[in-house]
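**Student:** Structure incoming, see below.
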Amino acid sequence: MTRTLMTIGECMVEMAPTPDGHFAMSFAGDMFNTVWYARRCAGNGLRVAFLSAIGDDAVSADMERFMRSAGVEPILPVVPGKSVGLYLISLNNGERSFSYWRSDSAARRLTDGIDQLPGLGAGDWVLISGITLAILNTSRRDRLMTLLHDAHTRGVGIAFDPNIRPRLWDNSDEMRHWIMQAAASADLVLPSFDDEATHFGDHTPDATIARYREAGAGCVVVKNGPGQVCAAEGDAPVLCVQPPVVSDVVDTTAAGDAFNGGFLAARIGGASLHDSIGAGCALAARVIGARGALVAVELNPT
């Protein structure tokens with residue numbers, strides 16, 4: 001039976017540095033990156049879709065064509081007079097920083113005119129992130145949460161990556177409120193420990209797991225850079241998996257997105273929690289050895 005993984009968020013024009021000192025243009029964004037990687041490592045039993053909004057200009061049309069060519073089904077209402085956001089990557093010893101131009105992108109209106117998340121049924125999954133929440137105003141966030149609740153009542157699994165970006169929020173209290181609200185409604189939460197330690201004061205990955213489990217999350221998988229990925233589900237004890245050692249880290253852009261894509265593709269395909277974490281770690285290890293958000297890897301091209 002074919003299952004669906006849908007992600008919801010913003011895809012932008014990416015300008016990434018090249019070894020010769022120039023920049024290469026592509027398209028990327030945390031939620032699109034995730035389904036792009038899921039498509040590349042999943043078999044034909046997984047349909048992947050990306051829901052957002054685009055403008056009516058040439059670069060928006062190019063973005064839609066790019067998604068289709070990658071095997072991702074675009075669900076992209078057109079907002080007249082708008083365009084897509086843009087970001088530029090700067091690198092320092094493999095660590096990245098970003099400059100953004102996205103304040104009036106079409107994706108900020110991605111919930112407009114949608115009465116139900118399309119093409120989803122029992123056994124399918126939908127993923128959002130803290131960035132998805134941050135780019136929406138309050139009424140649109142409420143609308144998104146209503147759409148997710150409706151999907152959940154139809155048997156759709158809800159996954160959430162907090163992906164904390166304080167600059168996108170008006171203040172820290174608002175940011176923490178919405179992150180915890182989304183996590184409380186999720187079957188699966190995929191936080192990164194460094195973000196959680198910084199913005200929620202967690203001292204260990206176990207503390208991050210406990211906080212999200214107490215809020216109501218069903219399963220919590222904590223990414224931790226080169227450290228162990230720790231997870232808990234149901235009544236089982238905390239499970240920790242050590243990622244492979246990467247000796248030559250070139251660019252950590254989209255490492256977490258790649259993990260999410262590999263993990264979700266494996267999990268939806270029926271793999272155990274341990275093996276799904278392993279799949280996510282293996283994919284992320286390959287991605288950080290190359291430049292840019294989207295790295296041409298093929299783990300399961302069937």
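Order determines the names: the first chain of the structure tokens is A, the second B, and so forth; residues in each chain are numbered 1 upward, and ligands are numbered 1 upward as they are shown.
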So that I can see what lies close to Arg286 of chain A, please list as a list in words the residues with an atom at most 10 Å from it, counting only C-alpha atoms and leaving out residues fewer than 3 positions away in the same chain.

**Tutor:** Pro244, Val246, Val249, Ala255, Ala258, Cys281, Ala282, Leu283, Gly289, Ala290, Val295, Ala296 and Val297 of chain A

**Student:** Could you save the residues just selected, with N, CA and C atoms, as a PDB file, in the first residue's frame?

**Tutor:**
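Final output, part13.pdb:
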```
ATOM      1  N   PRO A 244      27.306   7.779  12.731  1.00  0.00           N
ATOM      2  CA  PRO A 244      28.644   7.495  12.202  1.00  0.00           C
ATOM      3  C   PRO A 244      29.548   8.720  12.316  1.00  0.00           C
ATOM      4  N   VAL A 246      32.013  11.423  11.042  1.00  0.00           N
ATOM      5  CA  VAL A 246      32.298  12.082   9.769  1.00  0.00           C
ATOM      6  C   VAL A 246      33.587  12.877   9.949  1.00  0.00           C
ATOM      7  N   VAL A 249      33.789  17.340   7.682  1.00  0.00           N
ATOM      8  CA  VAL A 249      32.525  18.057   7.648  1.00  0.00           C
ATOM      9  C   VAL A 249      32.693  19.278   6.744  1.00  0.00           C
ATOM     10  N   ALA A 255      21.452  19.253   7.632  1.00  0.00           N
ATOM     11  CA  ALA A 255      21.737  17.963   8.275  1.00  0.00           C
ATOM     12  C   ALA A 255      20.505  17.427   9.002  1.00  0.00           C
ATOM     13  N   ALA A 258      17.868  16.297   6.497  1.00  0.00           N
ATOM     14  CA  ALA A 258      18.208  15.004   5.914  1.00  0.00           C
ATOM     15  C   ALA A 258      17.900  13.879   6.900  1.00  0.00           C
ATOM     16  N   CYS A 281      20.525   8.917  10.522  1.00  0.00           N
ATOM     17  CA  CYS A 281      21.922   9.242  10.800  1.00  0.00           C
ATOM     18  C   CYS A 281      22.803   8.995   9.576  1.00  0.00           C
ATOM     19  N   ALA A 282      22.586   7.877   8.896  1.00  0.00           N
ATOM     20  CA  ALA A 282      23.402   7.542   7.730  1.00  0.00           C
ATOM     21  C   ALA A 282      23.240   8.584   6.628  1.00  0.00           C
ATOM     22  N   LEU A 283      22.015   9.044   6.419  1.00  0.00           N
ATOM     23  CA  LEU A 283      21.772  10.041   5.388  1.00  0.00           C
ATOM     24  C   LEU A 283      22.395  11.381   5.768  1.00  0.00           C
ATOM     25  N   GLY A 289      28.943  16.034   4.252  1.00  0.00           N
ATOM     26  CA  GLY A 289      30.213  15.937   3.548  1.00  0.00           C
ATOM     27  C   GLY A 289      30.222  16.654   2.214  1.00  0.00           C
ATOM     28  N   ALA A 290      29.164  17.404   1.912  1.00  0.00           N
ATOM     29  CA  ALA A 290      29.084  18.130   0.637  1.00  0.00           C
ATOM     30  C   ALA A 290      28.430  19.482   0.880  1.00  0.00           C
ATOM     31  N   VAL A 295      21.840  17.558  -1.409  1.00  0.00           N
ATOM     32  CA  VAL A 295      23.016  16.811  -1.860  1.00  0.00           C
ATOM     33  C   VAL A 295      22.533  15.585  -2.608  1.00  0.00           C
ATOM     34  N   ALA A 296      23.093  15.333  -3.774  1.00  0.00           N
ATOM     35  CA  ALA A 296      22.616  14.261  -4.656  1.00  0.00           C
ATOM     36  C   ALA A 296      23.069  12.897  -4.130  1.00  0.00           C
ATOM     37  N   VAL A 297      22.300  12.340  -3.196  1.00  0.00           N
ATOM     38  CA  VAL A 297      22.557  11.003  -2.682  1.00  0.00           C
ATOM     39  C   VAL A 297      21.411  10.098  -3.115  1.00  0.00           C
TER      40      VAL A 297
END
```

**Student:** What parts of segment 196-233 of chain A does DSSP call helix (DSSP H, G or I)? I'd like the answer as a ChimeraX atom specification.

**Tutor:** /A:196-200,205-215

**Student:** Residues of the last selection are to be written out with all heavy atoms, as a compact mmCIF listing (two decimals), in the first residue's frame.

**Tutor:**
```txt
# COMPACT_ATOMS: atom_id res chain seq x y z
N GLU A 196 17.11 23.21 21.99
CA GLU A 196 16.29 23.01 23.20
C GLU A 196 17.04 23.46 24.44
O GLU A 196 16.45 24.05 25.36
CB GLU A 196 15.89 21.54 23.32
CG GLU A 196 15.20 20.97 22.10
CD GLU A 196 13.90 21.67 21.75
OE1 GLU A 196 13.16 22.07 22.68
OE2 GLU A 196 13.62 21.83 20.54
N ALA A 197 18.35 23.21 24.49
CA ALA A 197 19.16 23.65 25.63
C ALA A 197 19.20 25.17 25.70
O ALA A 197 19.09 25.76 26.79
CB ALA A 197 20.56 23.08 25.52
N THR A 198 19.34 25.80 24.56
CA THR A 198 19.45 27.26 24.51
C THR A 198 18.15 27.94 24.86
O THR A 198 18.13 28.92 25.64
CB THR A 198 19.91 27.72 23.12
OG1 THR A 198 21.19 27.17 22.84
CG2 THR A 198 19.99 29.24 23.04
N HIS A 199 17.03 27.47 24.35
CA HIS A 199 15.78 28.22 24.44
C HIS A 199 14.79 27.67 25.46
O HIS A 199 13.84 28.36 25.84
CB HIS A 199 15.13 28.29 23.06
CG HIS A 199 16.00 28.97 22.05
ND1 HIS A 199 16.25 30.32 22.08
CD2 HIS A 199 16.71 28.47 21.01
CE1 HIS A 199 17.06 30.64 21.09
NE2 HIS A 199 17.35 29.54 20.42
N PHE A 200 15.01 26.43 25.93
CA PHE A 200 14.16 25.87 26.97
C PHE A 200 14.95 25.49 28.23
O PHE A 200 14.36 25.07 29.23
CB PHE A 200 13.40 24.64 26.46
CG PHE A 200 12.26 24.99 25.55
CD1 PHE A 200 12.43 25.02 24.17
CD2 PHE A 200 11.00 25.30 26.06
CE1 PHE A 200 11.38 25.34 23.32
CE2 PHE A 200 9.94 25.62 25.22
CZ PHE A 200 10.13 25.65 23.84
N PRO A 205 19.60 15.58 26.75
CA PRO A 205 18.55 15.11 25.84
C PRO A 205 17.40 14.42 26.58
O PRO A 205 16.24 14.52 26.14
CB PRO A 205 19.30 14.14 24.93
CG PRO A 205 20.70 14.67 24.90
CD PRO A 205 20.94 15.15 26.31
N ASP A 206 17.71 13.73 27.67
CA ASP A 206 16.64 13.10 28.45
C ASP A 206 15.64 14.15 28.95
O ASP A 206 14.43 13.88 29.01
CB ASP A 206 17.22 12.34 29.64
CG ASP A 206 17.81 11.00 29.24
OD1 ASP A 206 17.76 10.66 28.04
OD2 ASP A 206 18.32 10.29 30.12
N ALA A 207 16.14 15.33 29.33
CA ALA A 207 15.25 16.39 29.79
C ALA A 207 14.36 16.89 28.66
O ALA A 207 13.18 17.19 28.87
CB ALA A 207 16.07 17.54 30.37
N THR A 208 14.92 16.96 27.46
CA THR A 208 14.12 17.36 26.30
C THR A 208 13.03 16.33 26.03
O THR A 208 11.87 16.68 25.79
CB THR A 208 15.02 17.50 25.06
OG1 THR A 208 16.00 18.52 25.31
CG2 THR A 208 14.21 17.88 23.83
N ILE A 209 13.40 15.06 26.08
CA ILE A 209 12.41 14.00 25.89
C ILE A 209 11.30 14.10 26.92
O ILE A 209 10.11 14.06 26.59
CB ILE A 209 13.09 12.62 25.96
CG1 ILE A 209 13.97 12.40 24.73
CG2 ILE A 209 12.04 11.51 26.08
CD1 ILE A 209 14.84 11.16 24.81
N ALA A 210 11.67 14.27 28.19
CA ALA A 210 10.69 14.31 29.27
C ALA A 210 9.73 15.49 29.09
O ALA A 210 8.51 15.35 29.28
CB ALA A 210 11.40 14.40 30.62
N ARG A 211 10.25 16.65 28.71
CA ARG A 211 9.40 17.83 28.57
C ARG A 211 8.37 17.65 27.46
O ARG A 211 7.18 17.96 27.64
CB ARG A 211 10.27 19.06 28.32
CG ARG A 211 9.49 20.34 28.06
CD ARG A 211 10.39 21.57 28.10
NE ARG A 211 11.57 21.40 27.26
CZ ARG A 211 11.59 21.60 25.95
NH1 ARG A 211 10.49 21.97 25.31
NH2 ARG A 211 12.70 21.45 25.25
N TYR A 212 8.80 17.13 26.33
CA TYR A 212 7.85 16.95 25.25
C TYR A 212 6.89 15.79 25.51
O TYR A 212 5.72 15.86 25.12
CB TYR A 212 8.60 16.75 23.92
CG TYR A 212 9.14 18.03 23.34
CD1 TYR A 212 10.49 18.19 23.05
CD2 TYR A 212 8.29 19.11 23.07
CE1 TYR A 212 10.99 19.37 22.51
CE2 TYR A 212 8.78 20.30 22.55
CZ TYR A 212 10.12 20.42 22.26
OH TYR A 212 10.61 21.59 21.74
N ARG A 213 7.37 14.74 26.15
CA ARG A 213 6.46 13.63 26.50
C ARG A 213 5.40 14.10 27.49
O ARG A 213 4.23 13.75 27.39
CB ARG A 213 7.25 12.45 27.07
CG ARG A 213 8.15 11.72 26.09
CD ARG A 213 7.38 10.99 24.99
NE ARG A 213 6.44 10.03 25.47
CZ ARG A 213 6.74 8.77 25.80
NH1 ARG A 213 7.98 8.33 25.67
NH2 ARG A 213 5.82 7.95 26.21
N GLU A 214 5.81 14.91 28.47
CA GLU A 214 4.85 15.43 29.45
C GLU A 214 3.83 16.35 28.81
O GLU A 214 2.68 16.43 29.26
CB GLU A 214 5.60 16.16 30.56
CG GLU A 214 6.38 15.23 31.49
CD GLU A 214 7.31 15.97 32.42
OE1 GLU A 214 7.28 17.24 32.40
OE2 GLU A 214 8.07 15.32 33.15
N ALA A 215 4.23 17.01 27.73
CA ALA A 215 3.29 17.90 27.02
C ALA A 215 2.26 17.12 26.22
O ALA A 215 1.22 17.67 25.86
CB ALA A 215 4.06 18.84 26.09
```

**Student:** Determine the nearest neighbour of Ile288 of chain A from the options A:Ile158, A:Ala217, A:Ile164, A:Ala254, counting only C-alpha atoms.

**Tutor:**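 Of A:Ile158, A:Ala217, A:Ile164, A:Ala254, the one nearest Ile288 of chain A is A:Ala254, counting only C-alpha atoms.
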
**Student:** So the first atom is atom CA of Pro166 of chain A and the second is atom CA of Asp195 of chain A; what is the distance between them in Å, to one decimal place?

**Tutor:**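 One can read the atom CA of Pro166 of chain A to atom CA of Asp195 of chain A distance as 10.0 Å.
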
**Student:** At a cut-off of 10 Å, using only C-alpha atoms, what residues contact segment 129-146 of chain A? Leave out same-chain residues fewer than 5 positions from it and give the result as a count of residues only.

**Tutor:** 49

**Student:** Calculated over only C-alpha atoms, which of the candidates A:Gly71, A:Gly123, A:Pro17, A:Gly201 has the smallest distance to Met1 of chain A?

**Tutor:**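 Smallest distance to Met1 of chain A is found for A:Gly123.
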
**Student:** For Ala58 of chain A, work out the shell of residues within 9 Å, counting only C-alpha atoms and skipping chain neighbours fewer than 4 positions away, then give it as a PDB file with all heavy atoms, in the first residue's frame.

**Tutor:**
```pdb
ATOM      1  N   ASP A  62       9.511  28.369 -11.798  1.00  0.00           N
ATOM      2  CA  ASP A  62      10.722  27.540 -11.814  1.00  0.00           C
ATOM      3  C   ASP A  62      10.778  26.634 -10.596  1.00  0.00           C
ATOM      4  O   ASP A  62      11.184  25.473 -10.698  1.00  0.00           O
ATOM      5  CB  ASP A  62      11.971  28.427 -11.853  1.00  0.00           C
ATOM      6  CG  ASP A  62      12.190  29.084 -13.205  1.00  0.00           C
ATOM      7  OD1 ASP A  62      11.552  28.658 -14.190  1.00  0.00           O
ATOM      8  OD2 ASP A  62      12.990  30.036 -13.268  1.00  0.00           O
ATOM      9  N   MET A  63      10.386  27.166  -9.440  1.00  0.00           N
ATOM     10  CA  MET A  63      10.390  26.369  -8.216  1.00  0.00           C
ATOM     11  C   MET A  63       9.454  25.173  -8.343  1.00  0.00           C
ATOM     12  O   MET A  63       9.809  24.044  -7.982  1.00  0.00           O
ATOM     13  CB  MET A  63       9.981  27.233  -7.021  1.00  0.00           C
ATOM     14  CG  MET A  63       9.876  26.471  -5.712  1.00  0.00           C
ATOM     15  SD  MET A  63       9.334  27.516  -4.331  1.00  0.00           S
ATOM     16  CE  MET A  63      10.829  28.460  -4.028  1.00  0.00           C
ATOM     17  N   SER A  83       5.876  36.667  -4.500  1.00  0.00           N
ATOM     18  CA  SER A  83       6.942  35.803  -4.991  1.00  0.00           C
ATOM     19  C   SER A  83       7.391  34.908  -3.850  1.00  0.00           C
ATOM     20  O   SER A  83       6.697  34.781  -2.833  1.00  0.00           O
ATOM     21  CB  SER A  83       8.115  36.646  -5.515  1.00  0.00           C
ATOM     22  OG  SER A  83       9.088  35.805  -6.132  1.00  0.00           O
TER      23      SER A  83
END
```

**Student:** Between A:Ser26, A:Thr34, A:Asn92, A:Thr18, which residue has the minimum interatomic distance to Gly280 of chain A, considering only C-alpha atoms?

**Tutor:**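 Comparing A:Ser26, A:Thr34, A:Asn92, A:Thr18 against Gly280 of chain A, the winner is A:Thr34.
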
**Student:** Excluding same-chain residues fewer than 5 positions from Asp275 of chain A, what lies within 9 Å of it counting only C-alpha atoms, as a list in words?

**Tutor:**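 Once the adjacent positions are removed, what remains is Phe263, Ala266, Arg267 and Gly280 of chain A.
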
**Student:** For segment 197-280 of chain A against segment 35-41 of chain A, with a cut-off of 9 Å and counting only C-alpha atoms, what is the closest atom pair and its distance in Å to one decimal for every residue that makes the cut, ordered by chain and number, as a Markdown table?

**Tutor:**
```
| residue | atom | partner | partner_atom | distance |
| --- | --- | --- | --- | --- |
| A:Asp257 | CA | A:Tyr37 | CA | 7.9 |
| A:Ala258 | CA | A:Tyr37 | CA | 5.8 |
| A:Phe259 | CA | A:Tyr37 | CA | 8.6 |
| A:Asn260 | CA | A:Ala38 | CA | 8.1 |
| A:Gly261 | CA | A:Ala38 | CA | 4.3 |
| A:Gly262 | CA | A:Ala38 | CA | 5.7 |
| A:Phe263 | CA | A:Ala38 | CA | 8.3 |
| A:Leu264 | CA | A:Ala38 | CA | 7.2 |
| A:Ala265 | CA | A:Ala38 | CA | 5.4 |
| A:Ala266 | CA | A:Cys41 | CA | 8.6 |
```

**Student:** To one decimal place, how far is atom CA of Met25 of chain A from atom CA of Leu127 of chain A in Å?

**Tutor:**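 So the answer is 25.7 Å.
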
**Student:** Residues at most 10 Å from Ser90 of chain A, counting only C-alpha atoms, excluding those fewer than 5 positions away in the same chain, as a list in words?

**Tutor:**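 What passes the distance filter is Met15, Ala16, Pro17, Glu95, Arg96, Ser97, Phe98 and Ser99 of chain A.
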
**Student:** Keeping N, CA and C atoms for every residue in the selection just given, could you write it to a file as a PDB file, in the first residue's frame?

**Tutor:**
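For reference, again20.pdb as written:
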```pdb
ATOM      1  N   MET A  15      20.939  30.657  -2.329  1.00  0.00           N
ATOM      2  CA  MET A  15      22.210  31.059  -2.923  1.00  0.00           C
ATOM      3  C   MET A  15      23.316  30.498  -2.036  1.00  0.00           C
ATOM      4  N   ALA A  16      24.019  29.470  -2.544  1.00  0.00           N
ATOM      5  CA  ALA A  16      25.015  28.749  -1.744  1.00  0.00           C
ATOM      6  C   ALA A  16      26.411  28.996  -2.306  1.00  0.00           C
ATOM      7  N   PRO A  17      27.407  29.187  -1.426  1.00  0.00           N
ATOM      8  CA  PRO A  17      28.771  29.438  -1.906  1.00  0.00           C
ATOM      9  C   PRO A  17      29.365  28.222  -2.593  1.00  0.00           C
ATOM     10  N   GLU A  95      30.498  25.421   9.374  1.00  0.00           N
ATOM     11  CA  GLU A  95      29.293  25.897  10.038  1.00  0.00           C
ATOM     12  C   GLU A  95      28.683  27.019   9.205  1.00  0.00           C
ATOM     13  N   ARG A  96      27.358  27.064   9.178  1.00  0.00           N
ATOM     14  CA  ARG A  96      26.704  27.991   8.281  1.00  0.00           C
ATOM     15  C   ARG A  96      25.963  29.087   9.036  1.00  0.00           C
ATOM     16  N   SER A  97      25.862  30.234   8.392  1.00  0.00           N
ATOM     17  CA  SER A  97      24.975  31.295   8.836  1.00  0.00           C
ATOM     18  C   SER A  97      24.187  31.755   7.620  1.00  0.00           C
ATOM     19  N   PHE A  98      23.063  32.417   7.886  1.00  0.00           N
ATOM     20  CA  PHE A  98      22.141  32.729   6.809  1.00  0.00           C
ATOM     21  C   PHE A  98      21.755  34.200   6.805  1.00  0.00           C
ATOM     22  N   SER A  99      21.540  34.735   5.627  1.00  0.00           N
ATOM     23  CA  SER A  99      20.906  36.037   5.450  1.00  0.00           C
ATOM     24  C   SER A  99      19.626  35.804   4.656  1.00  0.00           C
TER      25      SER A  99
END
```

**Student:** List every residue of segment 4-122 of chain A that DSSP, applied to the backbone, labels as strand (DSSP E or B), and write the result as number ranges by chain.

**Tutor:** A: 4-8, 12-17, 23-28, 46-51, 54, 73-75, 78, 86-92, 95-101

**Student:** The selected residues should be written to file as a compact mmCIF listing (two decimals), in the first residue's frame (atoms: N, CA and C atoms).

**Tutor:**
```txt
# COMPACT_ATOMS: atom_id res chain seq x y z
N THR A 4 1.71 8.26 2.21
CA THR A 4 2.08 9.63 1.85
C THR A 4 2.78 10.31 3.00
N LEU A 5 3.85 11.02 2.69
CA LEU A 5 4.47 11.97 3.61
C LEU A 5 4.29 13.35 3.00
N MET A 6 3.56 14.20 3.69
CA MET A 6 3.40 15.59 3.27
C MET A 6 4.09 16.50 4.27
N THR A 7 4.85 17.46 3.78
CA THR A 7 5.38 18.49 4.65
C THR A 7 4.77 19.83 4.26
N ILE A 8 4.73 20.72 5.24
CA ILE A 8 4.09 22.03 5.05
C ILE A 8 5.07 23.10 5.50
N MET A 12 12.42 28.32 -0.51
CA MET A 12 12.98 29.59 -0.95
C MET A 12 14.04 29.38 -2.01
N VAL A 13 14.39 30.46 -2.67
CA VAL A 13 15.59 30.46 -3.50
C VAL A 13 16.80 30.40 -2.57
N GLU A 14 17.71 29.45 -2.85
CA GLU A 14 18.94 29.32 -2.08
C GLU A 14 20.13 29.79 -2.91
N MET A 15 20.94 30.66 -2.33
CA MET A 15 22.21 31.06 -2.92
C MET A 15 23.32 30.50 -2.04
N ALA A 16 24.02 29.47 -2.54
CA ALA A 16 25.02 28.75 -1.74
C ALA A 16 26.41 29.00 -2.31
N PRO A 17 27.41 29.19 -1.43
CA PRO A 17 28.77 29.44 -1.91
C PRO A 17 29.36 28.22 -2.59
N PHE A 23 28.42 31.94 -6.22
CA PHE A 23 27.24 31.37 -5.58
C PHE A 23 26.42 30.59 -6.61
N ALA A 24 25.88 29.47 -6.17
CA ALA A 24 25.01 28.65 -7.02
C ALA A 24 23.57 28.80 -6.54
N MET A 25 22.65 28.90 -7.48
CA MET A 25 21.24 29.06 -7.14
C MET A 25 20.53 27.72 -7.15
N SER A 26 19.71 27.50 -6.11
CA SER A 26 18.85 26.33 -6.07
C SER A 26 17.60 26.72 -5.30
N PHE A 27 16.84 25.72 -4.89
CA PHE A 27 15.64 25.94 -4.08
C PHE A 27 15.73 25.06 -2.85
N ALA A 28 15.39 25.60 -1.69
CA ALA A 28 15.48 24.82 -0.46
C ALA A 28 14.67 25.48 0.65
N LEU A 46 6.24 5.06 -1.14
CA LEU A 46 6.05 6.33 -0.44
C LEU A 46 5.82 7.45 -1.45
N ARG A 47 4.68 8.09 -1.34
CA ARG A 47 4.40 9.32 -2.09
C ARG A 47 4.80 10.50 -1.22
N VAL A 48 5.49 11.48 -1.80
CA VAL A 48 5.88 12.65 -1.03
C VAL A 48 5.26 13.89 -1.64
N ALA A 49 4.80 14.80 -0.79
CA ALA A 49 4.13 16.02 -1.25
C ALA A 49 4.57 17.18 -0.38
N PHE A 50 4.55 18.36 -0.97
CA PHE A 50 4.94 19.57 -0.26
C PHE A 50 3.86 20.62 -0.45
N LEU A 51 3.32 21.12 0.66
CA LEU A 51 2.26 22.12 0.63
C LEU A 51 2.83 23.46 1.06
N ILE A 54 3.05 29.89 -3.60
CA ILE A 54 4.03 30.58 -4.44
C ILE A 54 3.39 31.81 -5.07
N GLU A 73 5.52 15.96 -5.13
CA GLU A 73 4.25 16.50 -5.62
C GLU A 73 4.03 17.88 -5.00
N PRO A 74 4.03 18.95 -5.80
CA PRO A 74 3.83 20.28 -5.24
C PRO A 74 2.34 20.62 -5.09
N ILE A 75 1.97 21.09 -3.93
CA ILE A 75 0.62 21.60 -3.69
C ILE A 75 0.82 23.07 -3.35
N VAL A 78 -1.35 29.69 -5.83
CA VAL A 78 -0.67 30.89 -6.32
C VAL A 78 -1.29 32.13 -5.68
N LEU A 86 14.08 34.34 -0.37
CA LEU A 86 15.45 34.06 -0.79
C LEU A 86 16.35 34.06 0.44
N TYR A 87 17.33 33.14 0.44
CA TYR A 87 18.35 33.20 1.49
C TYR A 87 19.73 32.91 0.90
N LEU A 88 20.74 33.44 1.60
CA LEU A 88 22.13 33.30 1.19
C LEU A 88 22.90 32.64 2.33
N ILE A 89 23.70 31.63 1.99
CA ILE A 89 24.48 30.89 2.98
C ILE A 89 25.90 31.44 3.05
N SER A 90 26.37 31.66 4.27
CA SER A 90 27.79 31.96 4.50
C SER A 90 28.37 30.83 5.33
N LEU A 91 29.60 30.41 5.00
CA LEU A 91 30.23 29.28 5.67
C LEU A 91 31.50 29.70 6.38
N ASN A 92 31.73 29.09 7.57
CA ASN A 92 32.95 29.28 8.33
C ASN A 92 33.33 27.95 8.96
N GLU A 95 30.50 25.42 9.37
CA GLU A 95 29.29 25.90 10.04
C GLU A 95 28.68 27.02 9.20
N ARG A 96 27.36 27.06 9.18
CA ARG A 96 26.70 27.99 8.28
C ARG A 96 25.96 29.09 9.04
N SER A 97 25.86 30.23 8.39
CA SER A 97 24.98 31.30 8.84
C SER A 97 24.19 31.76 7.62
N PHE A 98 23.06 32.42 7.89
CA PHE A 98 22.14 32.73 6.81
C PHE A 98 21.76 34.20 6.81
N SER A 99 21.54 34.73 5.63
CA SER A 99 20.91 36.04 5.45
C SER A 99 19.63 35.80 4.66
N TYR A 100 18.51 36.40 5.12
CA TYR A 100 17.20 36.10 4.54
C TYR A 100 16.53 37.33 3.94
N TRP A 101 15.77 37.09 2.87
CA TRP A 101 14.85 38.06 2.30
C TRP A 101 13.54 37.31 2.08
```
